[in-house]
file coords_36.cif (mmCIF, C-alpha atoms)
data_entry
loop_
_atom_site.label_atom_id
_atom_site.label_comp_id
_atom_site.auth_asym_id
_atom_site.auth_seq_id
_atom_site.Cartn_x
_atom_site.Cartn_y
_atom_site.Cartn_z
CA MET G 12 0.00 0.00 0.00
CA PRO G 13 1.49 3.39 -0.93
CA PRO G 14 1.98 5.75 2.00
CA ALA G 15 -0.10 8.90 2.36
CA VAL G 16 0.03 11.66 4.95
CA VAL G 17 -3.45 12.45 6.28
CA LEU G 18 -4.08 15.61 8.30
CA LEU G 19 -6.21 14.50 11.23
CA SER G 20 -7.64 17.11 13.60
CA GLY G 21 -10.08 14.82 15.36
CA GLY G 22 -13.13 16.45 13.80
CA LEU G 23 -15.82 15.04 11.56
CA ASP G 24 -14.29 16.13 8.26
CA SER G 25 -10.76 14.89 8.84
CA ALA G 26 -12.09 11.55 10.17
CA THR G 27 -14.06 11.12 6.96
CA CYS G 28 -11.01 12.12 4.93
CA LEU G 29 -8.96 9.42 6.68
CA ALA G 30 -11.62 6.79 5.92
CA ILE G 31 -11.58 7.83 2.24
CA ALA G 32 -7.78 7.63 2.02
CA ARG G 33 -7.83 4.17 3.57
CA ASP G 34 -10.61 3.10 1.21
CA GLN G 35 -8.48 4.27 -1.72
CA GLY G 36 -5.76 1.84 -0.64
CA PHE G 37 -3.30 4.13 1.11
CA ALA G 38 -1.30 3.31 4.22
CA CYS G 39 -2.33 6.35 6.24
CA HIS G 40 0.22 8.26 8.30
CA CYS G 41 -1.84 10.67 10.35
CA LEU G 42 -0.51 14.07 11.30
CA SER G 43 -2.05 16.07 14.12
CA PHE G 44 -0.96 19.34 15.68
CA ASP G 45 -0.72 20.80 19.10
CA TYR G 46 -0.81 24.46 18.13
CA GLY G 47 -2.16 25.88 21.33
CA GLN G 48 -5.81 25.23 20.57
CA ARG G 49 -8.24 25.90 23.40
CA HIS G 50 -8.77 22.30 24.33
CA ASN G 51 -7.04 18.96 23.97
CA ALA G 52 -10.26 16.96 23.45
CA GLU G 53 -9.65 17.33 19.73
CA LEU G 54 -6.22 15.73 20.00
CA ALA G 55 -7.59 12.89 22.11
CA ALA G 56 -10.22 12.34 19.43
CA ALA G 57 -7.53 12.28 16.73
CA ALA G 58 -5.66 9.54 18.57
CA ARG G 59 -8.85 7.46 18.94
CA LEU G 60 -9.73 7.91 15.27
CA ALA G 61 -6.27 6.97 14.01
CA LYS G 62 -6.58 3.71 15.91
CA ALA G 63 -10.22 3.02 15.03
CA LEU G 64 -9.66 3.70 11.32
CA GLY G 65 -6.56 1.53 10.98
CA ALA G 66 -3.95 4.21 10.43
CA ALA G 67 -0.37 3.08 9.82
CA GLY G 68 0.75 5.62 12.41
CA GLN G 69 0.11 9.01 13.95
CA ARG G 70 2.33 11.88 14.98
CA VAL G 71 1.43 14.96 16.95
CA ILE G 72 3.67 17.92 16.13
CA PRO G 73 3.78 20.93 18.41
CA PHE G 74 4.11 24.38 16.98
CA GLY G 75 3.81 27.71 18.65
CA LEU G 76 0.89 29.27 16.82
CA ALA G 77 -0.66 30.56 20.03
CA GLU G 78 2.41 32.79 20.45
CA PHE G 79 1.23 34.84 17.51
CA GLY G 80 -2.36 35.11 18.73
CA GLY G 81 -4.93 36.67 16.44
CA SER G 82 -7.56 33.91 16.61
CA ALA G 83 -10.37 32.93 18.93
CA LEU G 84 -9.16 29.34 18.63
CA THR G 85 -5.74 30.09 20.12
CA ASP G 86 -6.40 33.17 22.26
CA SER G 87 -8.79 32.77 25.17
CA ALA G 88 -9.20 36.57 25.31
CA ILE G 89 -11.21 36.38 22.06
CA ALA G 90 -14.68 34.87 22.56
CA ILE G 91 -15.96 32.07 20.32
CA PRO G 92 -19.03 33.37 18.45
CA THR G 93 -22.19 31.50 19.39
CA ALA G 94 -24.93 33.52 17.66
CA GLY G 95 -24.89 31.54 14.43
CA LEU G 96 -22.94 31.89 11.17
CA GLN G 97 -22.41 35.45 10.01
CA PRO G 98 -21.18 36.82 6.67
CA GLY G 99 -17.41 37.17 6.31
CA ILE G 100 -14.49 35.35 7.84
CA PRO G 101 -15.08 34.77 11.57
CA VAL G 102 -12.68 35.34 14.48
CA THR G 103 -12.16 31.59 14.70
CA TYR G 104 -10.00 31.90 11.59
CA VAL G 105 -6.43 30.93 12.52
CA PRO G 106 -3.85 32.82 10.43
CA ALA G 107 -2.12 30.53 7.92
CA ARG G 108 -3.20 27.39 9.78
CA ASN G 109 -3.77 25.12 6.79
CA THR G 110 -0.61 26.44 5.13
CA ILE G 111 1.48 25.55 8.16
CA MET G 112 -0.15 22.14 8.53
CA LEU G 113 0.23 21.29 4.84
CA SER G 114 3.86 22.45 4.97
CA LEU G 115 4.64 20.07 7.81
CA ALA G 116 2.73 17.32 5.98
CA LEU G 117 4.90 18.07 2.95
CA ALA G 118 8.04 17.53 5.01
CA TRP G 119 6.79 14.23 6.39
CA ALA G 120 5.57 13.05 2.97
CA GLU G 121 8.99 13.65 1.49
CA VAL G 122 10.75 11.70 4.24
CA LEU G 123 8.21 8.85 3.93
CA GLY G 124 8.60 8.78 0.16
CA SER G 125 4.89 9.60 -0.14
CA ARG G 126 3.37 11.46 -3.07
CA ASP G 127 -0.02 11.95 -1.48
CA ILE G 128 -1.36 14.28 1.21
CA PHE G 129 -5.00 14.23 2.29
CA ILE G 130 -6.74 17.21 3.88
CA GLY G 131 -10.40 17.32 4.87
CA VAL G 132 -11.15 20.90 3.88
CA ASN G 133 -14.62 21.73 2.70
CA ALA G 134 -15.83 24.80 0.85
CA VAL G 135 -19.59 24.22 1.06
CA ASP G 136 -20.80 23.95 4.67
CA TYR G 137 -17.86 25.76 6.20
CA SER G 138 -16.90 28.90 8.06
CA GLY G 139 -15.59 30.84 5.07
CA TYR G 140 -11.91 30.33 5.81
CA PRO G 141 -9.86 31.30 2.74
CA ASP G 142 -7.50 28.34 3.12
CA CYS G 143 -10.36 25.88 2.54
CA ARG G 144 -11.04 26.96 -1.05
CA PRO G 145 -10.16 24.89 -4.16
CA GLU G 146 -7.98 27.64 -5.64
CA TYR G 147 -5.94 27.72 -2.44
CA ILE G 148 -5.40 23.95 -2.48
CA ALA G 149 -4.34 24.08 -6.14
CA ALA G 150 -1.87 26.89 -5.41
CA PHE G 151 -0.38 24.97 -2.49
CA GLU G 152 0.07 21.88 -4.65
CA HIS G 153 1.79 23.94 -7.35
CA MET G 154 4.12 25.52 -4.80
CA ALA G 155 4.86 22.14 -3.18
CA ASN G 156 5.90 20.72 -6.53
CA LEU G 157 8.59 23.40 -6.78
CA ALA G 158 9.68 23.14 -3.14
CA THR G 159 11.04 19.66 -2.66
CA LYS G 160 13.88 17.45 -3.75
CA ALA G 161 11.27 14.76 -4.44
CA ALA G 162 9.45 17.01 -6.91
CA VAL G 163 12.67 18.10 -8.61
CA GLU G 164 13.51 14.42 -9.08
CA GLY G 165 10.12 13.77 -10.69
CA ARG G 166 8.07 12.45 -7.77
CA LYS G 167 5.14 14.82 -8.02
CA LEU G 168 2.90 15.40 -5.04
CA THR G 169 -0.89 15.46 -5.05
CA ILE G 170 -2.92 17.28 -2.40
CA HIS G 171 -6.17 15.35 -2.09
CA ALA G 172 -9.13 17.33 -0.77
CA PRO G 173 -11.89 14.77 -1.32
CA LEU G 174 -14.51 16.66 0.72
CA ILE G 175 -14.02 20.05 -0.85
CA ASP G 176 -17.20 20.03 -2.97
CA LEU G 177 -19.43 18.04 -0.62
CA ALA G 178 -22.25 19.30 1.57
CA LYS G 179 -21.89 18.32 5.22
CA ALA G 180 -24.72 15.81 4.89
CA ASP G 181 -22.94 14.10 1.99
CA ILE G 182 -19.73 13.95 4.01
CA ILE G 183 -21.59 12.27 6.85
CA ARG G 184 -23.30 9.77 4.55
CA LEU G 185 -20.02 8.92 2.84
CA GLY G 186 -18.13 8.51 6.10
CA SER G 187 -20.87 6.39 7.61
CA ALA G 188 -20.76 4.09 4.58
CA LEU G 189 -16.99 3.78 5.12
CA GLY G 190 -17.42 2.86 8.77
CA VAL G 191 -16.61 6.13 10.54
CA ASP G 192 -17.98 6.21 14.09
CA TYR G 193 -18.76 9.91 14.45
CA SER G 194 -19.25 9.57 18.18
CA LEU G 195 -15.43 9.45 18.32
CA THR G 196 -15.05 12.86 16.66
CA VAL G 197 -14.95 16.31 18.26
CA SER G 198 -15.89 19.32 16.12
CA CYS G 199 -16.82 21.92 18.75
CA TYR G 200 -14.58 24.99 19.02
CA GLN G 201 -14.99 25.00 22.78
CA ALA G 202 -15.50 21.38 23.78
CA ASP G 203 -14.95 20.58 27.43
CA SER G 204 -12.21 18.29 28.68
CA GLN G 205 -14.35 15.21 27.93
CA GLY G 206 -14.93 16.43 24.40
CA ARG G 207 -18.57 17.43 25.01
CA ALA G 208 -19.84 20.02 22.56
CA CYS G 209 -21.35 23.47 23.21
CA ARG G 210 -24.09 23.18 20.56
CA LEU G 211 -23.79 26.94 19.78
CA CYS G 212 -20.52 27.61 17.96
CA ASP G 213 -20.33 27.59 14.15
CA ALA G 214 -18.70 24.15 14.09
CA CYS G 215 -21.47 22.68 16.25
CA ARG G 216 -24.17 24.31 14.13
CA LEU G 217 -22.69 23.10 10.82
CA ARG G 218 -22.29 19.60 12.22
CA ALA G 219 -25.78 19.31 13.70
CA ALA G 220 -27.34 20.66 10.49
CA GLY G 221 -25.37 18.03 8.57
CA PHE G 222 -26.74 15.13 10.59
CA ALA G 223 -30.24 16.56 10.28
CA ALA G 224 -29.92 16.99 6.50
CA ALA G 225 -28.53 13.46 6.19
CA GLY G 226 -31.54 12.16 8.11
CA MET G 227 -29.25 10.52 10.64
CA ALA G 228 -29.16 10.55 14.42
CA ASP G 229 -26.59 13.00 15.77
CA PRO G 230 -24.16 11.01 17.95
CA THR G 231 -22.51 14.13 19.38
CA ALA G 232 -22.11 14.32 23.15
CA TYR G 233 -23.38 17.75 24.18
CA ARG G 234 -22.74 19.48 27.48
CA TYR G 235 -26.40 20.46 27.72
CA MET A 3 7.69 52.37 9.72
CA PRO A 4 5.65 49.52 8.24
CA PRO A 5 6.22 46.14 9.88
CA ALA A 6 7.96 43.31 8.06
CA VAL A 7 8.69 39.75 9.12
CA VAL A 8 12.30 38.83 8.44
CA LEU A 9 13.43 35.20 8.56
CA LEU A 10 16.68 35.24 10.50
CA SER A 11 18.71 32.05 10.80
CA GLY A 12 21.87 33.66 12.11
CA GLY A 13 23.84 33.05 8.94
CA LEU A 14 25.46 35.49 6.54
CA ASP A 15 22.59 35.67 4.06
CA SER A 16 19.76 36.26 6.51
CA ALA A 17 21.82 38.89 8.37
CA THR A 18 22.29 40.75 5.09
CA CYS A 19 18.61 40.38 4.31
CA LEU A 20 17.73 41.93 7.68
CA ALA A 21 20.05 44.87 6.98
CA ILE A 22 18.39 45.39 3.59
CA ALA A 23 14.88 45.31 5.07
CA ARG A 24 15.88 47.85 7.70
CA ASP A 25 17.52 50.02 5.03
CA GLN A 26 14.25 49.93 3.07
CA GLY A 27 12.48 51.46 6.06
CA PHE A 28 10.75 48.46 7.61
CA ALA A 29 10.33 47.79 11.31
CA CYS A 30 11.84 44.31 11.30
CA HIS A 31 10.22 41.51 13.29
CA CYS A 32 12.72 38.67 13.14
CA LEU A 33 11.59 35.07 13.12
CA SER A 34 13.98 32.26 13.98
CA PHE A 35 13.35 28.56 14.42
CA ASP A 36 14.45 25.85 16.72
CA TYR A 37 13.78 22.90 14.44
CA GLY A 38 16.21 20.43 15.92
CA GLN A 39 19.24 21.65 14.02
CA ARG A 40 22.58 20.16 15.07
CA HIS A 41 23.78 23.13 17.03
CA ASN A 42 22.39 26.19 18.78
CA ALA A 43 25.24 28.50 17.80
CA GLU A 44 23.10 29.59 14.87
CA LEU A 45 20.25 30.64 17.17
CA ALA A 46 22.64 32.51 19.44
CA ALA A 47 23.94 34.33 16.37
CA ALA A 48 20.38 35.20 15.33
CA ALA A 49 19.71 36.80 18.71
CA ARG A 50 22.95 38.83 18.51
CA LEU A 51 22.16 39.97 14.97
CA ALA A 52 18.59 41.01 15.76
CA LYS A 53 19.97 43.25 18.48
CA ALA A 54 22.95 44.57 16.50
CA LEU A 55 20.84 45.37 13.45
CA GLY A 56 18.09 47.19 15.32
CA ALA A 57 15.24 44.73 14.92
CA ALA A 58 11.86 45.69 16.36
CA GLY A 59 11.69 42.24 17.94
CA GLN A 60 12.60 38.60 17.57
CA ARG A 61 10.76 35.34 18.18
CA VAL A 62 12.13 31.83 18.19
CA ILE A 63 9.50 29.25 17.28
CA PRO A 64 10.08 25.57 17.99
CA PHE A 65 8.84 22.95 15.61
CA GLY A 66 9.55 19.27 15.52
CA LEU A 67 11.25 18.87 12.15
CA ALA A 68 13.89 16.55 13.60
CA GLU A 69 11.09 14.07 14.35
CA PHE A 70 10.73 13.47 10.64
CA GLY A 71 14.47 13.05 10.02
CA GLY A 72 15.70 12.79 6.45
CA SER A 73 18.39 15.49 6.59
CA ALA A 74 21.99 15.70 7.70
CA LEU A 75 21.10 19.01 9.39
CA THR A 76 18.58 17.40 11.74
CA ASP A 77 19.79 13.79 12.00
CA SER A 78 23.20 13.23 13.53
CA ALA A 79 23.29 9.75 11.95
CA ILE A 80 23.76 11.40 8.53
CA ALA A 81 27.23 12.89 8.08
CA ILE A 82 27.71 16.47 6.84
CA PRO A 83 29.58 16.31 3.50
CA THR A 84 33.02 17.93 3.71
CA ALA A 85 34.59 17.03 0.34
CA GLY A 86 33.35 20.12 -1.52
CA LEU A 87 30.22 20.91 -3.47
CA GLN A 88 28.92 18.06 -5.63
CA PRO A 89 26.28 18.03 -8.38
CA GLY A 90 22.69 17.51 -7.23
CA ILE A 91 20.84 18.30 -4.03
CA PRO A 92 22.99 17.41 -1.00
CA VAL A 93 21.98 15.49 2.15
CA THR A 94 21.95 18.80 4.04
CA TYR A 95 18.66 19.55 2.29
CA VAL A 96 15.91 19.73 4.94
CA PRO A 97 12.53 18.61 3.55
CA ALA A 98 10.14 21.55 3.15
CA ARG A 99 12.17 23.78 5.46
CA ASN A 100 11.66 27.08 3.68
CA THR A 101 7.98 26.26 3.11
CA ILE A 102 7.44 25.66 6.82
CA MET A 103 9.38 28.79 7.78
CA LEU A 104 7.57 30.99 5.28
CA SER A 105 4.24 29.55 6.45
CA LEU A 106 4.94 30.52 10.04
CA ALA A 107 6.14 33.93 8.84
CA LEU A 108 2.85 34.26 6.97
CA ALA A 109 0.92 33.65 10.19
CA TRP A 110 2.93 36.23 12.10
CA ALA A 111 2.71 38.76 9.27
CA GLU A 112 -1.06 38.49 9.26
CA VAL A 113 -1.31 39.02 13.01
CA LEU A 114 1.12 41.98 12.83
CA GLY A 115 -0.81 43.51 9.94
CA SER A 116 2.33 43.23 7.81
CA ARG A 117 2.30 42.82 4.04
CA ASP A 118 6.01 42.07 3.73
CA ILE A 119 8.11 38.98 4.44
CA PHE A 120 11.87 38.94 3.83
CA ILE A 121 13.84 35.74 3.22
CA GLY A 122 17.55 35.58 2.44
CA VAL A 123 17.48 32.76 -0.09
CA ASN A 124 20.05 32.81 -2.84
CA ALA A 125 20.10 30.84 -6.09
CA VAL A 126 23.62 31.65 -7.26
CA ASP A 127 26.26 30.58 -4.74
CA TYR A 128 24.09 28.03 -2.97
CA SER A 129 23.72 24.33 -2.30
CA GLY A 130 21.11 23.62 -4.97
CA TYR A 131 18.12 23.46 -2.61
CA PRO A 132 14.90 23.61 -4.65
CA ASP A 133 13.20 25.94 -2.18
CA CYS A 134 15.75 28.67 -2.87
CA ARG A 135 14.79 29.20 -6.52
CA PRO A 136 12.87 32.24 -7.86
CA GLU A 137 10.02 30.11 -9.24
CA TYR A 138 9.50 28.57 -5.80
CA ILE A 139 9.34 31.98 -4.10
CA ALA A 140 6.85 33.23 -6.71
CA ALA A 141 4.67 30.14 -6.20
CA PHE A 142 4.72 30.60 -2.42
CA GLU A 143 3.70 34.24 -2.77
CA HIS A 144 0.82 33.28 -5.07
CA MET A 145 -0.37 30.60 -2.64
CA ALA A 146 -0.05 32.98 0.32
CA ASN A 147 -2.26 35.51 -1.41
CA LEU A 148 -5.04 32.92 -1.54
CA ALA A 149 -4.48 31.61 1.98
CA THR A 150 -5.20 34.46 4.32
CA LYS A 151 -8.00 36.65 5.50
CA ALA A 152 -5.70 39.62 4.91
CA ALA A 153 -5.29 38.72 1.24
CA VAL A 154 -9.01 38.10 0.75
CA GLU A 155 -9.63 41.56 2.20
CA GLY A 156 -7.18 43.10 -0.28
CA ARG A 157 -4.00 43.36 1.77
CA LYS A 158 -1.66 41.55 -0.59
CA LEU A 159 1.56 40.06 0.69
CA THR A 160 4.98 40.34 -0.94
CA ILE A 161 7.74 37.81 -0.35
CA HIS A 162 10.99 39.76 -0.68
CA ALA A 163 14.04 37.70 -1.63
CA PRO A 164 16.55 40.50 -2.23
CA LEU A 165 19.59 38.21 -2.41
CA ILE A 166 18.20 35.69 -4.83
CA ASP A 167 20.18 36.84 -7.88
CA LEU A 168 23.35 37.94 -6.12
CA ALA A 169 26.69 36.18 -6.00
CA LYS A 170 28.00 35.58 -2.48
CA ALA A 171 30.66 38.27 -2.94
CA ASP A 172 27.98 40.81 -3.87
CA ILE A 173 25.93 39.84 -0.82
CA ILE A 174 28.97 40.42 1.40
CA ARG A 175 29.77 43.78 -0.21
CA LEU A 176 26.18 44.93 0.11
CA GLY A 177 25.86 43.83 3.72
CA SER A 178 29.17 45.43 4.66
CA ALA A 179 28.02 48.71 3.15
CA LEU A 180 24.87 48.43 5.28
CA GLY A 181 26.85 47.85 8.45
CA VAL A 182 26.57 44.10 8.93
CA ASP A 183 29.27 42.74 11.23
CA TYR A 184 29.80 39.31 9.70
CA SER A 185 31.84 38.17 12.67
CA LEU A 186 28.46 37.88 14.44
CA THR A 187 27.10 35.40 11.89
CA VAL A 188 27.38 31.60 11.86
CA SER A 189 27.04 29.79 8.53
CA CYS A 190 28.75 26.45 9.25
CA TYR A 191 26.55 23.33 9.19
CA GLN A 192 28.49 21.86 12.09
CA ALA A 193 29.70 24.81 14.12
CA ASP A 194 30.82 24.03 17.64
CA SER A 195 29.09 25.39 20.72
CA GLN A 196 30.98 28.68 20.44
CA GLY A 197 29.93 29.03 16.82
CA ARG A 198 33.37 28.22 15.41
CA ALA A 199 33.22 26.94 11.86
CA CYS A 200 34.58 23.68 10.38
CA ARG A 201 35.94 25.25 7.18
CA LEU A 202 35.03 22.11 5.18
CA CYS A 203 31.24 21.92 4.79
CA ASP A 204 29.49 23.42 1.78
CA ALA A 205 28.29 26.44 3.76
CA CYS A 206 31.84 27.19 4.96
CA ARG A 207 33.25 26.79 1.45
CA LEU A 208 30.64 29.07 -0.15
CA ARG A 209 31.18 31.69 2.55
CA ALA A 210 34.98 31.66 2.41
CA ALA A 211 34.91 31.86 -1.39
CA GLY A 212 32.57 34.84 -1.09
CA PHE A 213 34.92 36.81 1.15
CA ALA A 214 37.84 35.94 -1.16
CA ALA A 215 35.92 37.05 -4.26
CA ALA A 216 34.86 40.26 -2.52
CA GLY A 217 38.49 40.95 -1.70
CA MET A 218 37.65 41.23 1.97
CA ALA A 219 39.15 39.67 5.08
CA ASP A 220 37.16 36.67 6.28
CA PRO A 221 36.04 37.40 9.87
CA THR A 222 34.87 33.82 10.49
CA ALA A 223 36.08 32.10 13.65
CA TYR A 224 37.33 28.69 12.60
CA ARG A 225 37.97 25.74 14.87
CA TYR A 226 41.31 25.08 13.15
#

call {"tool": "encode", "arguments": {"input": "coords_36.cif", "output": "structure tokens"}}
result
Amino acid sequence: MPPAVVLLSGGLDSATCLAIARDQGFACHCLSFDYGQRHNAELAAAARLAKALGAAGQRVIPFGLAEFGGSALTDSAIAIPTAGLQPGIPVTYVPARNTIMLSLALAWAEVLGSRDIFIGVNAVDYSGYPDCRPEYIAAFEHMANLATKAAVEGRKLTIHAPLIDLAKADIIRLGSALGVDYSLTVSCYQADSQGRACRLCDACRLRAAGFAAAGMADPTAYRY
Amino acid sequence: MPPAVVLLSGGLDSATCLAIARDQGFACHCLSFDYGQRHNAELAAAARLAKALGAAGQRVIPFGLAEFGGSALTDSAIAIPTAGLQPGIPVTYVPARNTIMLSLALAWAEVLGSRDIFIGVNAVDYSGYPDCRPEYIAAFEHMANLATKAAVEGRKLTIHAPLIDLAKADIIRLGSALGVDYSLTVSCYQADSQGRACRLCDACRLRAAGFAAAGMADPTAYRY
């Protein structure tokens, strides 16, 4: 099985992305990040999912994104919005997050001899983050194929974003068909230490609407 | 003075790049990395240079690149070549290093409200690393301008690589004219704990040849 690097946050989308990569025949090397996010429930979920979905391995890389601040996800002085999705890019946007994560995935892929990176970004039912859009992913792939020794030597890299055009309900249906247990995932921006969700943040709202639209029971553990 | 993020390794090129950015009127926020490189003399040099060259600030961000291995600069099991420059990309290549560093610079630039990142890459007297070439820098800039909230809102980012077309001797002449004290810099891939250079690695050879070609005394402290 060819190796792939799969970005795994512990949320619904990245869990589905991992199941897709495995279904496509890749040996999945999962990469998670401790970037100073508000809670570690997400990282605990990532570890459970890597195991449950038969990953070849998982690494958790620390990087000091919280030092820069500028996001509600890394700075507890900025409140998580709970009034529902608003127009524009919300304060939960983390500057350059996907670029940093894909860059570290690129490094690991090159060392593994992998030509494939999977990322569970979605540009349909999402929070409007610019680094989730197809044109961004294409530009990263182009840059990556100029950046590495592997690319110079002819081993071209593909960034797979298999969820990018899917509605949340379609993601949930697809993942369920591939055996994802969504009760293991944590999407909430402000989950508690047991991973229980707030029900009010954008991530909770998008997720709950997805289960409803898919006509499936929502397995999320809520705080209230 | 507008803020710029300047990647500062502590070597000759990045010191010159910092001097250029300052000369162009930027308030320079220097970004250095502890990525598991073989020695910390480089980071000590970066701190000295930031101070000597009037930086507005400096941050050192850790990230776990050594965990991936695959480079003589991060894996002590791979020997640093000392026989002189050879054709091809050498084992001192660090997978995706400049991509990761520029990605973290992108995050800091966005938080600072900066539209300018400086990197001291050079594609003339260099070790053949793919992520030092002009086409790579252009591709990163294009990607970055799709990645961020700042770019979406019209604040375009420029990646400045003012050394990219210069011979090492020209870099040294330019930096000297701008007041860089090259005795503060450490270029050697295997400097000792006091920053004294080996004289034999590719970085030492390129640097020494640069001072010779510039007709200037080499201020490097060598071990022997």

call {"tool": "resolve_selection", "arguments": {"input": "coords_36.cif", "expression": "the PyMOL selection byres ((chain A) within 9 of (chain G))", "output": "NGL selection string"}}
result
:A and (63-67 or 69-73 or 91 or 95-114 or 131-135 or 137-154)

call {"tool": "residues_around", "arguments": {"input": "coords_36.cif", "residues": "Ala171 (chain A)", "least_positions_apart": "6", "cutoff": "8 Å", "atoms": "only C-alpha atoms", "output": "MDAnalysis selection string"}}
result
chainID A and resid 211:216

call {"tool": "resolve_selection", "arguments": {"input": "coords_36.cif", "expression": "the PyMOL selection byres ((chain G and resi 12-19) around 10)", "output": "count of residues only"}}
result
59

call {"tool": "resolve_selection", "arguments": {"input": "coords_36.cif", "expression": "the PyMOL selection byres ((chain G and resi 178) around 9)", "output": "ChimeraX atom specification"}}
result
/G:133-136,174-177,179-183,221

call {"tool": "write_last_selection", "arguments": {"input": "coords_36.cif", "atoms": "C-alpha atoms", "output": "short mmCIF file (atom, residue, chain, number, x, y, z; two decimals), in the frame of the given file"}}
result
data_model
loop_
_atom_site.label_atom_id
_atom_site.label_comp_id
_atom_site.auth_asym_id
_atom_site.auth_seq_id
_atom_site.Cartn_x
_atom_site.Cartn_y
_atom_site.Cartn_z
CA ASN G 133 -14.62 21.73 2.70
CA ALA G 134 -15.83 24.80 0.85
CA VAL G 135 -19.59 24.22 1.06
CA ASP G 136 -20.80 23.95 4.67
CA LEU G 174 -14.51 16.66 0.72
CA ILE G 175 -14.02 20.05 -0.85
CA ASP G 176 -17.20 20.03 -2.97
CA LEU G 177 -19.43 18.04 -0.62
CA LYS G 179 -21.89 18.32 5.22
CA ALA G 180 -24.72 15.81 4.89
CA ASP G 181 -22.94 14.10 1.99
CA ILE G 182 -19.73 13.95 4.01
CA ILE G 183 -21.59 12.27 6.85
CA GLY G 221 -25.37 18.03 8.57
#

call {"tool": "residues_around", "arguments": {"input": "coords_36.cif", "residues": "Ala90 (chain G)", "least_positions_apart": "4", "cutoff": "9 Å", "atoms": "only C-alpha atoms", "output": "list in words"}}
result
Ala83, Leu84, Asp86, Val102 and Thr103 of chain G

call {"tool": "atom_distance", "arguments": {"input": "coords_36.cif", "atom1": "CA of Cys199 (chain G)", "atom2": "CA of Tyr235 (chain G)"}}
result
13.2 Å

call {"tool": "atom_distance", "arguments": {"input": "coords_36.cif", "atom1": "CA of Pro230 (chain G)", "atom2": "CA of Tyr193 (chain G)"}}
result
6.5 Å

call {"tool": "closest_residue", "arguments": {"input": "coords_36.cif", "among": "G:Tyr137, G:Thr196, G:Ser187, G:Asp213", "to": "Ala232 (chain G)", "atoms": "all atoms listed in the file"}}
result
G:Thr196

call {"tool": "atom_distance", "arguments": {"input": "coords_36.cif", "atom1": "CA of Ala46 (chain A)", "atom2": "CA of Leu186 (chain A)"}}
result
9.4 Å
